[in-house]
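*Asks:* Provided herewith: input00.txt, compact mmCIF, C-alpha atoms.
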```txt
# COMPACT_ATOMS: atom_id res chain seq x y z
CA MET A 1 41.38 -30.72 67.64
CA ARG A 2 38.11 -28.77 67.49
CA GLY A 3 39.81 -25.71 68.97
CA LEU A 4 42.73 -25.97 66.55
CA TRP A 5 40.46 -25.96 63.52
CA ALA A 6 38.52 -23.06 64.98
CA GLY A 7 41.74 -21.06 65.26
CA VAL A 8 42.69 -21.84 61.70
CA TRP A 9 39.24 -20.74 60.42
CA GLN A 10 39.44 -17.50 62.33
CA ARG A 11 42.80 -16.71 60.79
CA ARG A 12 41.53 -17.43 57.25
CA THR A 13 38.20 -15.55 57.50
CA PRO A 14 39.59 -12.12 56.39
CA LEU A 15 41.22 -13.73 53.39
CA VAL A 16 37.99 -15.47 52.32
CA VAL A 17 35.99 -12.26 52.65
CA LEU A 18 38.57 -10.36 50.59
CA MET A 19 38.48 -13.00 47.87
CA ALA A 20 34.65 -12.85 47.81
CA VAL A 21 34.66 -9.07 47.43
CA VAL A 22 37.19 -9.26 44.63
CA GLY A 23 35.08 -11.94 42.92
CA ILE A 24 31.92 -9.84 43.08
CA ALA A 25 33.72 -6.78 41.76
CA GLY A 26 35.20 -8.83 38.94
CA ALA A 27 31.79 -10.20 38.06
CA LEU A 28 30.35 -6.68 37.96
CA LEU A 29 33.15 -5.49 35.71
CA ALA A 30 32.73 -8.50 33.48
CA THR A 31 28.99 -7.82 33.21
CA ARG A 32 29.65 -4.18 32.32
CA ASP A 33 32.21 -5.14 29.68
CA SER A 34 29.88 -7.79 28.21
CA GLY A 35 27.00 -5.41 27.46
CA GLY A 36 25.61 -3.56 30.48
CA GLY A 37 25.98 -0.16 32.09
CA HIS A 38 25.46 2.03 29.00
CA LEU A 39 22.21 3.71 30.03
CA ALA A 40 23.65 7.03 31.15
CA ALA A 41 25.88 7.39 28.10
CA ASN A 42 23.05 6.42 25.75
CA ARG A 43 20.71 8.97 27.30
CA ALA A 44 23.35 11.66 26.93
CA GLN A 45 23.79 10.61 23.30
CA LEU A 46 20.03 10.90 22.71
CA ARG A 47 20.05 14.52 23.89
CA LYS A 48 22.71 15.51 21.35
CA ALA A 49 21.96 13.17 18.44
CA CYS A 50 20.48 14.47 15.18
CA ASP A 51 21.66 18.00 15.94
CA GLY A 52 19.67 17.98 19.17
CA THR A 53 16.33 17.86 17.35
CA LEU A 54 14.89 14.68 18.93
CA PRO A 55 12.20 14.84 21.65
CA TYR A 56 14.12 13.48 24.63
CA GLY A 57 11.06 13.30 26.87
CA ASP A 58 9.20 11.07 24.41
CA LEU A 59 12.10 8.81 23.47
CA GLU A 60 13.90 8.38 26.80
CA ARG A 61 11.96 5.23 27.69
CA LEU A 62 13.28 3.48 24.57
CA VAL A 63 16.94 3.84 25.54
CA ARG A 64 18.57 0.49 26.37
CA ASP A 65 21.34 -0.29 28.81
CA GLU A 66 22.86 -3.41 27.24
CA ARG A 67 25.00 -1.88 24.50
CA PRO A 68 26.26 1.53 23.28
CA GLY A 69 23.90 3.43 21.00
CA GLU A 70 24.76 3.35 17.30
CA LEU A 71 24.43 6.76 15.64
CA ARG A 72 24.56 7.52 11.94
CA GLN A 73 23.88 11.05 10.78
CA HIS A 74 24.62 13.49 7.99
CA GLY A 75 23.06 16.48 6.27
CA THR A 76 23.57 20.18 5.73
CA MET A 77 22.31 21.04 9.21
CA LEU A 78 25.24 19.08 10.65
CA ALA A 79 27.82 20.17 8.09
CA PRO A 80 26.96 23.46 6.35
CA GLY A 81 28.34 23.54 2.84
CA GLN A 82 28.08 19.79 2.49
CA GLU A 83 26.59 18.57 -0.79
CA SER A 84 23.49 16.70 0.29
CA ARG A 85 19.82 16.56 -0.62
CA SER A 86 19.02 16.29 3.07
CA LEU A 87 18.92 18.87 5.78
CA LEU A 88 19.12 15.96 8.19
CA ASP A 89 19.40 12.20 7.87
CA CYS A 90 19.79 10.55 11.23
CA SER A 91 19.42 7.08 12.72
CA LEU A 92 19.98 6.13 16.36
CA SER A 93 19.67 2.50 17.44
CA TRP A 94 20.04 0.71 20.79
CA GLY A 95 19.61 -2.81 19.44
CA ASP A 96 16.81 -5.39 19.73
CA GLY A 97 14.49 -3.30 17.57
CA TYR A 98 14.71 -0.12 19.64
CA GLY A 99 15.60 3.05 17.76
CA VAL A 100 14.56 6.17 15.87
CA THR A 101 15.17 7.31 12.29
CA VAL A 102 14.42 10.81 11.00
CA HIS A 103 14.80 12.49 7.64
CA ALA A 104 14.27 16.13 6.71
CA GLU A 105 14.71 17.86 3.39
CA ALA A 106 13.94 21.15 1.73
CA LEU A 107 11.63 20.23 -1.13
CA VAL A 108 12.45 21.62 -4.56
CA SER A 109 10.18 19.14 -6.34
CA ASP A 110 6.99 17.28 -5.51
CA VAL A 111 6.14 15.79 -2.13
CA PRO A 112 7.34 12.15 -2.29
CA GLU A 113 3.98 10.82 -1.08
CA ALA A 114 0.67 9.95 -2.72
CA VAL A 115 -1.75 12.86 -2.33
CA GLU A 116 -4.50 12.30 -4.89
CA THR A 117 -8.10 12.49 -3.67
CA ARG A 118 -8.42 8.77 -2.96
CA ASP A 119 -5.07 8.76 -1.16
CA LEU A 120 -6.52 11.29 1.28
CA LEU A 121 -9.88 9.59 1.71
CA GLU A 122 -8.79 5.95 1.59
CA PRO A 123 -5.08 5.86 2.53
CA ALA A 124 -2.91 2.79 2.03
CA GLY A 125 -5.14 1.47 -0.74
CA GLY A 126 -8.18 1.44 1.50
CA HIS A 127 -6.48 -0.46 4.33
CA GLY A 128 -6.25 2.70 6.41
CA THR A 129 -3.45 4.32 8.32
CA PHE A 130 -3.01 6.88 11.09
CA VAL A 131 -3.25 10.66 10.88
CA ALA A 132 -2.66 13.28 13.54
CA PRO A 133 -5.40 15.95 13.29
CA GLY A 134 -3.83 19.36 12.75
CA THR A 135 -0.74 17.88 11.10
CA THR A 136 -0.43 17.77 7.30
CA GLY A 137 0.69 14.19 6.75
CA GLN A 138 0.02 10.51 7.32
CA TYR A 139 1.75 7.43 8.66
CA GLY A 140 3.35 5.67 5.69
CA LYS A 141 6.12 3.24 4.79
CA ARG A 142 8.79 5.65 6.05
CA GLY A 143 6.93 6.21 9.31
CA ALA A 144 5.09 9.42 10.11
CA TRP A 145 5.55 12.07 7.43
CA LEU A 146 4.56 15.72 7.34
CA VAL A 147 4.93 18.88 5.30
CA ALA A 148 5.60 22.24 6.95
CA ASP A 149 6.12 25.82 5.76
CA CYS A 150 9.26 27.90 6.08
CA LEU A 151 8.18 31.36 5.00
CA GLY A 152 11.68 32.76 5.31
CA GLY A 153 13.15 30.10 3.02
CA LEU A 154 15.18 26.97 3.74
CA GLY A 155 18.93 26.84 3.21
CA GLY A 156 21.07 23.96 2.08
CA ARG A 157 19.77 23.66 -1.49
CA VAL A 158 20.78 25.46 -4.68
CA ARG A 159 17.19 26.33 -5.53
CA PRO A 160 15.26 28.36 -2.93
CA THR A 161 12.28 26.66 -1.32
CA THR A 162 9.84 27.29 1.49
CA ASP A 163 8.64 23.71 1.93
CA LEU A 164 9.96 21.27 4.52
CA TYR A 165 9.36 17.52 4.39
CA VAL A 166 10.04 15.41 7.49
CA THR A 167 9.68 11.71 8.23
CA ALA A 168 10.15 9.93 11.56
CA ARG A 169 10.00 6.23 12.35
CA VAL A 170 10.24 5.02 15.93
CA THR A 171 10.55 1.32 16.81
CA ASP A 172 10.15 -0.10 20.31
CA GLY A 173 11.05 -3.75 19.81
CA THR A 174 7.48 -4.96 19.25
CA ASP A 175 6.35 -7.06 16.31
CA SER A 176 3.93 -4.37 15.11
CA ALA A 177 6.73 -1.85 14.86
CA ASP A 178 8.84 -4.34 12.92
CA ASP A 179 5.94 -4.96 10.51
CA ALA A 180 5.54 -1.21 9.99
CA THR A 181 9.24 -0.87 9.32
CA ALA A 182 9.02 -3.56 6.68
CA GLY A 183 6.01 -1.91 5.09
CA ASN A 184 3.83 -4.98 5.73
CA GLY A 185 1.37 -3.46 8.17
CA LYS A 186 0.39 -0.61 10.42
CA PRO A 187 2.06 0.11 13.75
CA ASP A 188 0.05 0.24 16.93
CA ARG A 189 -1.54 3.53 17.92
CA ALA A 190 1.13 4.45 20.48
CA THR A 191 3.97 3.88 18.02
CA ALA A 192 2.24 5.97 15.36
CA LEU A 193 1.69 8.82 17.82
CA LEU A 194 5.32 8.68 18.87
CA GLY A 195 6.34 8.91 15.20
CA PHE A 196 4.20 12.01 14.64
CA ARG A 197 5.39 13.68 17.84
CA THR A 198 9.00 13.05 16.80
CA ALA A 199 8.42 14.40 13.27
CA VAL A 200 6.76 17.55 14.62
CA HIS A 201 9.55 18.11 17.15
CA VAL A 202 12.19 17.76 14.42
CA ALA A 203 10.27 20.08 12.07
CA ASN A 204 9.92 22.75 14.75
CA ALA A 205 13.59 22.52 15.69
CA LEU A 206 14.65 22.90 12.04
CA THR A 207 12.31 25.79 11.21
CA LYS A 208 13.55 27.60 14.32
CA ALA A 209 17.19 27.00 13.41
CA GLN A 210 16.52 28.14 9.83
CA HIS A 211 14.78 31.34 11.03
CA CYS A 212 11.71 30.49 8.99
CA GLY A 213 9.41 32.92 10.73
CA SER A 214 6.63 30.33 10.68
CA ARG A 215 4.55 29.41 13.69
CA PRO A 216 5.64 26.13 15.27
CA LEU A 217 3.50 23.09 14.60
CA THR A 218 1.28 21.89 17.42
CA THR A 219 2.57 18.67 18.96
CA PRO A 220 -0.16 16.05 18.50
CA THR A 221 -1.66 14.35 21.54
CA ALA A 222 -3.64 11.72 19.65
CA VAL A 223 -3.87 9.95 16.31
CA VAL A 224 -6.90 8.71 14.38
CA ASP A 225 -7.13 5.38 12.59
CA THR A 226 -8.62 6.03 9.14
CA ASP A 227 -9.60 2.39 8.64
CA GLU A 228 -13.38 2.19 8.22
CA THR A 229 -13.48 -1.03 10.25
CA HIS A 230 -12.63 1.11 13.27
CA GLY A 231 -15.91 3.02 13.18
CA ALA A 232 -15.59 5.03 9.94
CA PRO A 233 -14.32 8.18 11.69
CA GLY A 234 -14.37 10.15 8.42
CA GLN A 235 -18.11 9.84 7.91
CA GLY A 236 -20.46 12.75 8.51
CA LEU A 237 -17.82 15.47 8.93
CA ARG A 238 -19.12 19.00 9.10
CA THR A 239 -16.75 20.11 6.34
CA CYS A 240 -18.51 17.71 3.96
CA GLU A 241 -22.14 18.47 4.85
CA TRP A 242 -22.56 20.46 1.63
CA ILE A 243 -22.89 17.09 -0.16
CA ASP A 244 -26.64 16.59 0.15
CA GLY A 245 -28.85 14.84 -2.38
CA SER A 246 -31.85 16.93 -1.41
CA SER A 247 -30.19 20.27 -2.11
CA LEU A 248 -27.49 19.51 -4.69
CA PRO A 249 -29.02 19.83 -8.17
CA GLY A 250 -28.03 17.31 -10.79
CA VAL A 251 -27.40 14.36 -8.49
CA ALA A 252 -29.59 11.46 -7.43
CA SER A 253 -32.07 12.52 -4.75
CA GLY A 254 -32.29 10.77 -1.41
CA SER A 255 -29.92 9.97 1.45
CA TRP A 256 -26.20 10.31 0.85
CA THR A 257 -23.26 9.10 2.94
CA THR A 258 -20.25 11.41 3.12
CA LEU A 259 -16.61 10.78 3.89
CA GLY A 260 -13.87 13.33 4.59
CA ASP A 261 -10.17 13.27 5.26
CA LEU A 262 -9.18 13.60 8.91
CA GLN A 263 -5.96 15.61 8.76
CA GLU A 264 -7.66 18.93 9.57
CA SER A 265 -4.90 20.49 7.52
CA THR A 266 -4.52 24.06 6.33
CA GLY A 267 -2.80 22.74 3.20
CA LEU A 268 -5.24 20.18 1.84
CA SER A 269 -8.70 18.70 2.22
CA ALA A 270 -10.95 16.12 0.59
CA CYS A 271 -14.62 15.12 0.71
CA ALA A 272 -16.66 12.44 -1.03
CA GLY A 273 -20.33 11.55 -1.08
CA GLU A 274 -22.22 8.50 -2.28
CA TRP A 275 -25.90 7.78 -2.83
CA ASP A 276 -26.75 5.34 -0.02
CA ALA A 277 -28.53 2.36 -1.54
CA GLU A 278 -29.26 0.79 1.84
CA LYS A 279 -30.83 3.89 3.38
CA ASN A 280 -32.79 4.66 0.21
CA ALA A 281 -34.12 1.12 -0.22
CA GLY A 282 -37.93 1.26 -0.36
CA GLU A 283 -37.86 5.05 -0.11
CA ARG A 284 -36.31 6.14 -3.38
CA PRO A 285 -36.22 4.59 -6.85
CA ARG A 286 -32.92 3.30 -8.14
CA PRO A 287 -31.00 6.07 -9.94
CA LYS A 288 -31.34 6.17 -13.70
CA GLN A 289 -28.50 5.44 -16.10
CA TRP A 290 -26.00 8.34 -16.18
CA GLN A 291 -27.49 9.98 -13.09
CA VAL A 292 -24.80 11.14 -10.63
CA THR A 293 -24.55 8.80 -7.64
CA GLU A 294 -21.12 9.77 -6.29
CA VAL A 295 -19.10 13.00 -6.04
CA GLU A 296 -15.62 13.97 -4.88
CA ALA A 297 -13.97 17.29 -4.08
CA ALA A 298 -10.42 18.05 -2.99
CA SER A 299 -8.05 20.99 -2.59
CA TRP A 300 -4.28 21.22 -2.32
CA SER A 301 -2.26 24.38 -1.55
CA GLY A 302 1.33 25.32 -2.29
CA ILE A 303 3.65 22.43 -3.03
CA LEU A 304 0.86 19.98 -2.25
CA GLY A 305 -1.14 21.50 -5.10
CA ARG A 306 1.74 21.17 -7.50
CA SER A 307 2.35 17.60 -6.35
CA ALA A 308 -1.29 16.57 -6.80
CA TYR A 309 -1.56 18.22 -10.22
CA ASP A 310 1.67 16.57 -11.40
CA SER A 311 0.44 13.19 -10.19
CA TYR A 312 -2.80 13.46 -12.15
CA GLU A 313 -0.89 14.81 -15.14
CA ARG A 314 1.32 11.71 -15.25
CA GLU A 315 -1.89 9.73 -15.67
CA GLY A 316 -3.19 12.06 -18.39
CA HIS A 317 -5.98 13.32 -16.12
CA VAL A 318 -5.58 17.10 -16.22
CA PRO A 319 -7.21 19.67 -18.52
CA GLY A 320 -5.53 20.01 -21.89
CA TRP A 321 -3.29 16.97 -21.40
CA GLY A 322 -1.41 16.34 -24.64
CA ALA A 323 -2.00 19.86 -25.98
CA GLU A 324 0.71 22.33 -26.83
CA ASP A 325 2.09 24.26 -23.87
CA ASP A 326 0.54 27.53 -25.01
CA GLU A 327 -2.87 25.86 -25.25
CA ARG A 328 -2.91 24.25 -21.81
CA PRO A 329 -5.80 25.51 -19.62
CA SER A 330 -3.51 25.66 -16.59
CA GLU A 331 -1.52 28.32 -18.39
CA ALA A 332 -4.25 29.96 -20.44
CA GLY A 333 -6.44 30.98 -17.51
CA SER A 334 -10.19 30.59 -17.10
CA GLU A 335 -12.47 28.74 -19.47
CA THR A 336 -16.05 29.75 -20.18
CA ASP A 337 -18.97 27.35 -20.48
CA ALA A 338 -19.10 28.08 -24.20
CA ASP A 339 -15.47 27.06 -24.59
CA ARG A 340 -16.23 23.57 -23.24
CA GLY A 341 -17.61 21.70 -26.20
CA VAL A 342 -19.84 18.69 -25.59
CA ARG A 343 -19.03 15.56 -27.53
CA GLN A 344 -22.00 13.99 -29.22
CA GLU A 345 -21.11 10.46 -28.19
CA GLU A 346 -18.70 8.72 -25.83
CA ARG A 347 -18.30 5.02 -25.11
CA VAL A 348 -17.65 3.51 -21.69
CA SER A 349 -16.50 -0.07 -21.28
CA SER A 350 -17.54 -2.37 -18.44
CA TYR A 351 -13.83 -2.80 -17.74
CA ALA A 352 -13.33 0.89 -16.94
CA GLY A 353 -12.12 1.45 -13.39
CA ARG A 354 -14.22 4.31 -12.03
CA PRO A 355 -15.74 6.27 -14.95
CA GLN A 356 -16.02 9.92 -14.01
CA LEU A 357 -16.03 13.50 -15.23
CA ALA A 358 -13.62 15.78 -13.36
CA LEU A 359 -13.47 19.56 -13.27
CA TRP A 360 -10.39 21.50 -12.20
CA ALA A 361 -10.09 25.04 -10.83
CA ARG A 362 -7.35 27.19 -9.32
CA SER A 363 -7.57 29.78 -6.54
CA VAL A 364 -5.48 31.66 -4.04
CA CYS A 365 -6.15 30.20 -0.58
CA GLY A 366 -4.31 31.37 2.50
CA GLY A 367 -1.97 33.34 0.24
CA ARG A 368 -0.91 30.24 -1.72
CA THR A 369 -1.79 28.93 -5.16
CA THR A 370 -4.35 26.19 -4.67
CA TYR A 371 -5.76 23.58 -7.02
CA HIS A 372 -9.30 22.25 -6.65
CA ARG A 373 -10.61 19.11 -8.30
CA VAL A 374 -14.20 17.87 -8.23
CA ALA A 375 -15.52 14.76 -9.92
CA VAL A 376 -18.96 13.32 -10.60
CA PHE A 377 -19.56 9.59 -11.04
CA PRO A 378 -22.61 8.49 -13.05
CA GLU A 379 -24.71 5.40 -12.55
CA ILE A 380 -23.61 2.90 -15.22
CA ARG A 381 -25.05 -0.61 -15.30
CA LEU A 382 -23.11 -2.95 -17.54
CA GLU A 383 -22.50 -6.67 -17.81
CA ASP A 384 -18.95 -7.91 -18.42
CA GLY A 385 -17.84 -7.08 -21.92
CA GLU A 386 -20.62 -4.58 -22.57
CA THR A 387 -20.14 -0.98 -23.63
CA ALA A 388 -22.39 1.95 -22.77
CA VAL A 389 -22.82 5.01 -24.97
CA ILE A 390 -23.21 8.44 -23.41
CA GLY A 391 -25.08 10.85 -25.64
CA GLY A 392 -24.74 14.58 -25.91
CA LYS A 393 -27.62 15.40 -23.54
CA ASP A 394 -26.43 13.09 -20.78
CA ARG A 395 -22.90 14.40 -21.21
CA ALA A 396 -24.17 17.98 -20.91
CA ARG A 397 -26.03 17.09 -17.70
CA LEU A 398 -22.85 15.63 -16.21
CA SER A 399 -20.97 18.79 -17.14
CA ALA A 400 -23.61 20.93 -15.45
CA ALA A 401 -23.54 18.69 -12.37
CA ALA A 402 -19.75 18.97 -12.11
CA ARG A 403 -19.93 22.76 -12.23
CA THR A 404 -22.68 22.76 -9.60
CA VAL A 405 -20.58 20.57 -7.32
CA LEU A 406 -17.58 22.88 -7.73
CA ASP A 407 -19.62 25.99 -6.96
CA ARG A 408 -21.27 24.40 -3.94
CA TYR A 409 -17.92 23.17 -2.63
CA LEU A 410 -16.26 26.56 -2.98
CA ASP A 411 -19.19 28.43 -1.41
CA ALA A 412 -20.04 26.10 1.50
CA ASP A 413 -19.85 28.02 4.79
CA ASP A 414 -18.30 25.10 6.69
CA GLY A 415 -16.18 23.83 3.82
CA TRP A 416 -12.40 23.94 3.57
CA PRO A 417 -12.25 26.64 0.82
CA ALA A 418 -14.26 29.06 3.01
CA SER A 419 -11.99 28.43 6.01
CA ALA A 420 -8.93 28.99 3.79
CA LYS A 421 -10.45 32.23 2.44
CA CYS A 422 -10.06 31.16 -1.18
CA ARG A 423 -10.38 33.91 -3.80
CA ASP A 424 -9.71 34.66 -7.48
CA THR A 425 -10.94 31.27 -8.67
CA GLN A 426 -10.35 30.29 -12.29
CA VAL A 427 -12.00 27.24 -13.85
CA LEU A 428 -9.31 25.32 -15.73
CA GLY A 429 -11.40 22.76 -17.56
CA GLU A 430 -12.90 19.28 -17.56
CA VAL A 431 -11.29 15.87 -17.81
CA GLU A 432 -13.18 12.83 -19.08
CA GLN A 433 -12.05 9.65 -17.38
CA TRP A 434 -14.21 7.02 -19.06
CA HIS A 435 -11.54 4.40 -19.63
```
What would the structure in this file look like if it were written as C-alpha cells?

*Replies:*
Amino acid sequence: MRGLWAGVWQRRTPLVVLMAVVGIAGALLATRDSGGGHLAANRAQLRKACDGTLPYGDLERLVRDERPGELRQHGTMLAPGQESRSLLDCSLSWGDGYGVTVHAEALVSDVPEAVETRDLLEPAGGHGTFVAPGTTGQYGKRGAWLVADCLGGLGGRVRPTTDLYVTARVTDGTDSADDATAGNGKPDRATALLGFRTAVHVANALTKAQHCGSRPLTTPTAVVDTDETHGAPGQGLRTCEWIDGSSLPGVASGSWTTLGDLQESTGLSACAGEWDAEKNAGERPRPKQWQVTEVEAASWSGILGRSAYDSYEREGHVPGWGAEDDERPSEAGSETDADRGVRQEERVSSYAGRPQLALWARSVCGGRTTYHRVAVFPEIRLEDGETAVIGGKDRARLSAAARTVLDRYLDADDGWPASAKCRDTQVLGEVEQWH
C-alpha cells in the first residue's frame, strides 16, 4: 500500500507544482491590479508633468507605487493662446498626502502677498516662517512663494509685464505638511526647503522658456526659520548696523537691539531698531516722553515697491492720501523741508496701535523704481483711556529725527540702498500715524 501511494504522489507532483505557480502568478497580478506596480509609470509622469518644469531629483523620493499619479494642469505654457491668468497651474498627487502643486503667473498687478515692513521683519503675524537667503520670497499659506524678473517680458497676458510670481507646495504625507497645507502651522524645515527648491526650479524653467534674458535664480541649499524663539537669527545683521543710539542724532542714547529681514534679496530689505531697556537698565535714564525709542526702514524695488506702496495706501498711510491726484507727493516730485508744515498740536490716544511718524522717498535702485519708507516711534506713556498731546516743538523734533534716519539709511556703507546703488532720491513726504 505504501508503494502504491508513493506512485500516485509522484504522478501528481508536476500538477501540484503547476497549480502553485499559477496561484502565485495570479496573486501577483491581483496585487498589481489592486494598487501596486505603478512606480515606473509615476516616475515617468513626474519627468513630464507641469511642462517638464519640476525638479525630478528632489521629488523622486515622494513618488508612490500603490496607485497611478493624478495630474491636473493648465495654463498658457501648456496651451498657447489659451485664456488664462496663469502661465502654469499644476498639481500632481500620488495619494496618502504625497504630492506637489505649483502655480506661476505673469504679474500685471500687485504681488498677492503681504510685503509691508512688519511682514518682512515679523512674518506670519510674528509667529515666524521660513525664508531661503538669496530668494525673494517666504513660505506662506500657498507654500513657498517667490518673485523673479523677466527682463525680456513674459508672454501669455494682454498687458506686458516683466515680473514672475511662483508658488510651490510639496507634501510628503507627514502631519506637519498637512498642517501647512491647511494654513494652520509651519512645515518642517526639510519640507520648506523642498518647496523653495521646487519654486526656483519652476521659475528658472519658465524664464528660460520665455527667453527672459535674466540670470537663473540660485537653487537654495538651506532655509532659515525667522521665529525669534529659534535664536533670533535676524538680530545684529550687518546691513542694520547703521541703527546706533550713540551715533544717530535725535533718538534715545544707549544700547539698541536691531532686527533685519533674512531674505538677502536684491528686490527688498527691511531693518528695525529698538532702545534696549534691559541692557540700558542702571546705565541710562528712561527715555523722555516723545523721545524716539524705535525706528524702522525698508525698501522695495520694481513691482514689490508698487505692491508695498499700494498696501499702505489702502490703509491711508502714504503721503498726500486723500488729496487730489495732481497734488499727490508721489506724482509731484520732491518736497522741501519748508513745504512740510508742522502742526501745532496733535492728540494720541492710549488705544492707538503703534503711534509713529513715517517718511517716504523714491529712488532708482538697480535700474528699477524703488520706494523707501522709514518710521520713528516716540516714547509715549499713557494709562488706558488717556490722551497725550504732542506740541509743535516735539513734532518738529520727530520730523528731524525721521529725516536723519532716512539719510543715515540711504548713506550707510553696508546698508541695502548702497548695495543696490540707489540714486536720484526724491523725498515724497511724511505720514502721521497717531491713531

*Asks:* I need the residue nearest Gln235 (chain A) from this list: A:Glu346, A:Asp413, A:Glu432, A:Glu122. Use all atoms listed in the file for the distance.

*Replies:*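 The shortest atom-to-atom distance to Gln235 (chain A) comes from A:Glu122.
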
*Asks:* Considering only C-alpha atoms, state which residue in the set A:Arg197, A:Arg408, A:Arg64, A:His435 is at the smallest distance from Gly173 (chain A).

*Replies:*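 Looking only at the distances to Gly173 (chain A), the closest residue turns out to be A:Arg64.
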
*Asks:* Nearest to Lys48 (chain A) among A:Ala199, A:Ala401, A:Leu78, A:Leu259, with distances taken over all atoms listed in the file: which residue is it?

*Replies:*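 Nearest to Lys48 (chain A): A:Leu78.
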
*Asks:* When distances are computed from only C-alpha atoms, which of A:Ser399, A:Gln289, A:Ser247, A:Ser265 shows the smallest separation from Ile380 (chain A)?

*Replies:*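 Using only C-alpha atoms, the shortest distance to Ile380 (chain A) belongs to A:Gln289.
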
*Asks:* As a ChimeraX atom specification, please: the residues near region 352-356 of chain A (cut-off 6 Å, all atoms listed in the file, same-chain neighbours under 4 positions excluded).

*Replies:* /A:376-377,433-435

*Asks:* Which of these residues is nearest to Gly36 (chain A), using only C-alpha atoms: A:Ser109, A:Thr171, A:Pro68, A:Lys141?

*Replies:*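 Checking each candidate against Gly36 (chain A), we get A:Pro68 as the closest.
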
*Asks:* If we count all atoms listed in the file and set the cut-off at 12 Å, which residues sit around Ser93 (chain A), ignoring sequence neighbours fewer than 3 positions away in its own chain? Please answer as a ChimeraX atom specification.

*Replies:* /A:42-43,45-46,49,59,62-73,90,96-102,169-173

*Asks:* Grab the CA of Trp94 (chain A) to CA of Pro80 (chain A) distance for me, in Å with one decimal place.

*Replies:*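 Distance between the two atoms: 27.8 Å.
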